[in-house]
Amino acid sequence: MPAGTDPSDLKDRAQLGARFRAMYRSLGLDRCGAAKLLRVSERTLHNWETGRHLVPYAAYRLVRLECRAELPGAAWAGWSFIAGALVSPEGHRFVGSDCNWWSLFVRRARLFHVVYRENLDLRRAMGAARPAERDPQGARSAGSEAPAPRSKRSVRGAGAERRA
């Protein structure tokens, strides 16, 4: 028997074709509308539906996406397209104009992450240097006493002296 003529293979292709037909019909498309969407002839679509030829992966995926099927890959788990909008797992809808600034948003978030890490590293380094200045009881070392806080009047008075 030539390749591709196995009866079980034909049966599997016919089942796939029937599912494909059910999907595009659930979109409200007839054979003519589906052929226009996929940019193929109606005869080609008929051959896919009957199992004479295997439905191409790209055509099947396109119709699945239009039918609100989930996007491919684990990173897109829960995401889908509904009525021309991208829908998040939480149910938030995003239309095309909402996505115009995503690349800028992502770049700024990455930059923030870098700056935040640097800030944490600097704070840790400064925190590690401070305990060396203290003695074991936690009191300040000699000569490193904190200056006495100034009252508001003395601060105001200092400003008045500078202006004069």
# chains A, B, ... in the order shown; residues from 1 in each chain; ligands from 1
>>> residues_around(residues="Leu71 of chain A", least_positions_apart="2", cutoff="12 Å", atoms="only C-alpha atoms", output="PyMOL selection string")
chain A and resi 61-69+73-82+86-89
>>> write_last_selection(atoms="C-alpha atoms", output="short mmCIF file (atom, residue, chain, number, x, y, z; two decimals), in the first residue's frame")
data_model
loop_
_atom_site.label_atom_id
_atom_site.label_comp_id
_atom_site.auth_asym_id
_atom_site.auth_seq_id
_atom_site.Cartn_x
_atom_site.Cartn_y
_atom_site.Cartn_z
CA ARG A 61 -4.12 26.82 14.66
CA LEU A 62 -5.57 29.96 13.11
CA VAL A 63 -9.12 28.63 13.34
CA ARG A 64 -8.46 27.42 16.91
CA LEU A 65 -7.27 30.91 17.91
CA GLU A 66 -10.36 32.44 16.35
CA CYS A 67 -12.49 29.96 18.34
CA ARG A 68 -11.07 31.22 21.65
CA ALA A 69 -8.58 28.41 21.98
CA GLY A 73 3.14 27.28 25.27
CA ALA A 74 3.20 27.13 29.05
CA ALA A 75 3.97 30.86 29.32
CA TRP A 76 0.55 31.62 27.79
CA ALA A 77 -1.48 29.27 30.00
CA GLY A 78 -4.91 30.78 30.59
CA TRP A 79 -4.59 33.51 27.92
CA SER A 80 -6.97 33.56 24.95
CA PHE A 81 -8.45 35.72 22.19
CA ILE A 82 -12.11 36.66 22.37
CA LEU A 86 -6.46 39.38 24.19
CA VAL A 87 -7.91 38.11 27.48
CA SER A 88 -5.70 37.42 30.51
CA PRO A 89 -6.24 34.51 32.91
#
>>> atom_distance(atom1="atom CA of Ser97 of chain A", atom2="atom CA of Ala83 of chain A")
14.7 Å
>>> closest_atom_pairs(of="segment 42-113 of chain A", to="segment 12-31 of chain A", cutoff="6 Å", atoms="only C-alpha atoms", output="JSON lines")
{"residue": "A:Trp48", "atom": "CA", "partner": "A:Gly17", "partner_atom": "CA", "distance": 5.4}
{"residue": "A:Glu49", "atom": "CA", "partner": "A:Gly17", "partner_atom": "CA", "distance": 3.8}
{"residue": "A:Thr50", "atom": "CA", "partner": "A:Ala14", "partner_atom": "CA", "distance": 5.1}
{"residue": "A:Gly51", "atom": "CA", "partner": "A:Ala14", "partner_atom": "CA", "distance": 3.9}
{"residue": "A:Leu54", "atom": "CA", "partner": "A:Arg13", "partner_atom": "CA", "distance": 5.8}
>>> write_last_selection(atoms="C-alpha atoms", output="PDB file, in the first residue's frame")
ATOM      1  CA  TRP A  48      -9.322  18.924   4.294  1.00  0.00           C
ATOM      2  CA  GLU A  49     -12.797  18.293   5.705  1.00  0.00           C
ATOM      3  CA  THR A  50     -13.177  14.893   4.055  1.00  0.00           C
ATOM      4  CA  GLY A  51      -9.705  13.713   5.031  1.00  0.00           C
ATOM      5  CA  LEU A  54      -4.337  16.617   6.017  1.00  0.00           C
TER       6      LEU A  54
END
>>> atom_distance(atom1="atom CA of Leu38 of chain A", atom2="atom CA of His53 of chain A")
15.5 Å
